[in-house]
Structures are given as C-alpha cells and as structure tokens.
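Notes follow the structure.
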Amino acid sequence: MCFALFMFTIFAVPFSFKSMEQGKYSVQLQWMTQKILNEVIEEPGLTFVGLGNYLIEFPSTFQSMYFVSDRKGLPEILKDEEGKDDQFAPSIRGPIRARSADGLEMMVSFSFQWRLEPQNLKDLYNILGNHLYKDEFVRFARAAVIESCAFFAADEYFTNRTKITDKMTEVIKSYFGESDLGLNLEIEGLQLREVDLPDEVDDQIAATQEQMQEADVAAAQRQELIIAKEREQLVAEQEVKEVLLAAQAEAERVLVENEAQIQRLMLLQRKEAEANLEILKQFADDAEPFERLFEMMAMRAMSGHTVSKMTVSM
C-alpha cells in the first residue's frame with residue numbers, strides 16, 4: 001500500500017505543476033468540476049495546479065489586427081505567423097466593405113492593437129472559450145468600422161482623416177468595452193490605411209482637390225497683395241502724420257512769433273502814448289498848447305543835431 005502511494009506520488013507530483021511562458025495570462029481549469037477559478041495567473045514560471053487540472057492561456061501583450069488588401073506594408077514576422085492555428089498570431093483579414101454618409105460604397109483598410117484585461121478572462125472564457133474569441137473580435141471590429149464610416153462623406157476620407165480615425169477609435173472602444181461579455185479590451189494605435197472608392201468618385205475627388213488647391217493658391221496670392229497694400233497704406237498714413245505734425249509745429253511757431261510781435265508793438269505804442277500824455281500835460285494850461293508843443297519839438301530837433309552838419313546856421 002505504501003509502495004503504491006509512493007509510486008502514485010512520484011507520478012502525480014510532476015503532473016501537478018504547469019509552466020507558463022512570458023507574455024501570457026493563465027486561468028486554471030478544475031478537471032473535476034470543469035470550472036474556472038477566479039484567480040488569474042500573471043507571472044511566468046511553474047504553478048501548482050493539482051493533478052488533472054491545467055492552465056488555459058491567453059496573450060498578455062498587445063496583439064495586432066489588420067484589415068488590408070495586401071501584406072506588403074506588414075512586418076515580415078506578421079506575414080509568417082498569420083494563418084497558423086495559434087491564439088497568439090496576428091489577425092489578418094481583407095478590407096471591409098462599408099458606405100459613406102452620402103451612400104458611396106468603399107473598401108476600408110485599417111489596423112489596430114488590442115490587449116486583454118486579466119480581470120475579464122474568466123467571463124471571456126465562459127462565453128467564448130480560448131479559441132473562438134479572436135473571430136468574434138474580428139466581427140466586432142468590422143461592425144464598429146462600418147458604423148463609424150457612415151458618419152462621414154466620401155470626400156472627407158481624403159481631407160479629414162484625423163477626425164475619421166478618432167471617430168473609428170471611439171466606436172471600436174465602445175464595441176470592445178462590454179465588460180459583461182468579457183470585452184473590456186485596451187485599444188491602441190488605430191491606423192486608417194487605405195480607402196478605396198469607385199474610380200469615377202476618385203477622379204472627381206482628385207479634380208475637386210486640384211481646384212481647391214488652385215483656390216488656396218489664389219487666396220494666398222490675394223492675401224499677399226492685401227498685406228502689401230495695407231503696408232503701403234500704413235506708410236502713406238505715417239507720412240501724412242509727419243507732414244501734419246510739421247505743419248502744426250510751423251503754425252505754432254508762427255503763432256508764437258506773431259503773438260510776441262503784437263505784444264512788443266502794443267508795449268511800444270503804450271509807451272509812446274504814455275510819453276505823449278506826459279508832454280501834453282505840460283502844455284495843458286497854454287492858450288495854444290499844440291503850437292507850443294511844435295515849437296518845443298523844433299527846438300529839440302535843432303539842439304539834437306551837430307552844428308557843422310546843419311544847412312541853416314543858428
């Protein structure tokens with residue numbers, strides 16, 4: 001009995017440990033109950049699971065999903081891995097057929113990266129297992145892109161790709177954010193790669209873009225002319241201001257000089273008037289004051305001249 005127990009132990013112990021590699025999550029499946037334990041194993045290495053139990057693995061790193069018409073732009077490692085029956089290989093599918101807001105059919109190529117959240121692995125396994133969820137992810141991604149494409153007209157896919165990419169990211173995150181379905185995924189790096197429209201539409205859009213470029217060039221030239229004329233106007237206005245300032249300064253100078261001249265003349269006239277008044281006061285009592293004044297003026301004039309220069313001798 002002891003020997004049998006010993007042999008069983010030797011046999012059972014090695015099979016009770018399971019190894020997990022780097023870059024993976026694992027959940028433990030109980031063989032007896034066929035149920036998943038709540039604990040998620042995130043660290044690589046050996047884990048004791050018990051005899052008959054085993055680990056169900058999921059990728060812990062970002063995984064790639066591509067919807068492209070050819071694989072020329074993909075890394076070589078992705079081309080080699082695609083097609084293998086491996087849950088860690090990238091998902092590569094053809095472009096998605098969608099319609100724009102104005103009803104045009106188009107083929108949309110895009111890619112993005114996704115990563116599982118460990119707290120949702122149990123629900124994900126209970127609903128989709130560990131081998132069906134990638135196909136469901138492809139279906140959700142298709143539905144999300146078809147929905148987001150309907151928000152934009154065809155010409156916007158050539159003029160407003162950033163806004164369209166942001167909208168696609170928003171819709172895809174909403175599709176992969178159903179935590180009740182185990183779809184609380186982390187979405188990163190969505191790229192809108194190609195948008196293939198019917199040839200007639202491509203030609204019309206190309207012609208429209210060419211005309212828009214010509215209009216932009218004309219608008220730029222017009223703006224350049226406006227700026228040049230505005231600059232000329234500013235120079236002319238500045239010159240006018242300088243002329244006005246000079247004229248104003250000259251007018252003020254003349255006004256000051258005239259005012260000074262007027263003040264000087266008024267002062268002189270006032271002095272003369274005061275002097276004449278004083279002279280008249282001296283002759284106010286004479287019977288002939290003006291004749292007396294004239295005689296005094298004549299005498300003053302004669303006395304003020306040099307005798308040698310006078311034509312009449314006194």
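Here's how to read the names in the structure tokens: chain A, B, ... by the order shown, residue numbers from 1 in each chain, ligand numbers from 1 in the order shown.
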task: Run DSSP on the backbone of this structure and report the residues of range 24-246 of chain A it assigns to alpha helix (DSSP H), as a ChimeraX atom specification.
output: /A:76-81,121-128,133-149,156-159,161-175,199-246
- request: Just the residues within 7 Å of range 56-63 of chain A, please, counting only C-alpha atoms, with nothing from its chain fewer than 6 positions along; format it as a ChimeraX atom specification.
  value: /A:23-29,88,90,113-116
message: Among range 54-171 of chain A, which ones does DSSP assign to strand (DSSP E or B) (computed from the backbone)? Answer as number ranges by chain.
response: A: 54-59, 63-67, 91-93, 96-99, 105-115
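When only C-alpha atoms are used to measure the gap to Gly189 in chain A, the shortest distance among A:Ile172, A:Leu268, A:Ile146, A:Ala218 belongs to A:Ile172.
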message: When you look at Ala143 in chain A with a cut-off of 10 Å (counting only C-alpha atoms), what residues show up, excluding the ones that are within fewer than 2 positions of it in the same chain? I need them as a ChimeraX atom specification.
response: /A:96,98,137-141,145-148,171-172,175
Write to file, as a compact mmCIF listing (two decimals), in the first residue's frame, the residues of the selection just made, with N, CA and C atoms.
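Output contents, as saved in selection.txt:
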# COMPACT_ATOMS: atom_id res chain seq x y z
N ILE A 96 -12.60 46.04 -45.36
CA ILE A 96 -14.01 45.98 -45.01
C ILE A 96 -14.82 46.80 -46.02
N ALA A 98 -17.80 49.09 -46.74
CA ALA A 98 -18.66 49.99 -45.96
C ALA A 98 -19.24 51.05 -46.88
N PHE A 137 -13.79 38.95 -32.12
CA PHE A 137 -13.16 40.27 -32.15
C PHE A 137 -13.13 40.83 -33.57
N VAL A 138 -12.86 39.98 -34.54
CA VAL A 138 -12.87 40.41 -35.95
C VAL A 138 -14.27 40.89 -36.34
N ARG A 139 -15.28 40.16 -35.92
CA ARG A 139 -16.66 40.55 -36.24
C ARG A 139 -17.01 41.89 -35.59
N PHE A 140 -16.62 42.09 -34.33
CA PHE A 140 -16.90 43.35 -33.65
C PHE A 140 -16.17 44.51 -34.34
N ALA A 141 -14.92 44.28 -34.73
CA ALA A 141 -14.16 45.34 -35.39
C ALA A 141 -14.82 45.74 -36.72
N VAL A 145 -16.30 49.55 -37.55
CA VAL A 145 -15.81 50.38 -38.65
C VAL A 145 -16.94 50.71 -39.62
N ILE A 146 -17.79 49.75 -39.90
CA ILE A 146 -18.94 50.02 -40.78
C ILE A 146 -19.81 51.12 -40.18
N GLU A 147 -20.03 51.06 -38.88
CA GLU A 147 -20.82 52.10 -38.22
C GLU A 147 -20.14 53.46 -38.28
N SER A 148 -18.84 53.52 -38.00
CA SER A 148 -18.14 54.80 -37.96
C SER A 148 -17.99 55.41 -39.35
N VAL A 171 -15.54 54.45 -31.63
CA VAL A 171 -16.58 53.43 -31.82
C VAL A 171 -16.03 52.04 -31.51
N ILE A 172 -14.80 51.76 -31.94
CA ILE A 172 -14.21 50.44 -31.65
C ILE A 172 -14.06 50.24 -30.15
N TYR A 175 -17.34 49.21 -28.75
CA TYR A 175 -17.69 47.82 -29.05
C TYR A 175 -16.90 46.84 -28.18
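The space between CA of Glu186 in chain A and CA of Leu74 in chain A spans 21.7 Å.
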field: Contact residues around range 158-169 of chain A with only C-alpha atoms at 8 Å, ignoring same-chain residues under 3 positions, as a PyMOL selection string
entry: chain A and resi 144-145+148-149+152+154-155+172-173+187+190-192
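Among the candidates A:Phe176, A:Tyr66, A:Tyr125, A:Phe294, the residue lying nearest to Gly94 in chain A is A:Tyr66 (atoms considered: only C-alpha atoms).
Proximity of A:Glu21, A:Gln221, A:Leu124, A:Val195 to Pro95 in chain A, computed with only C-alpha atoms, is greatest for A:Val195.
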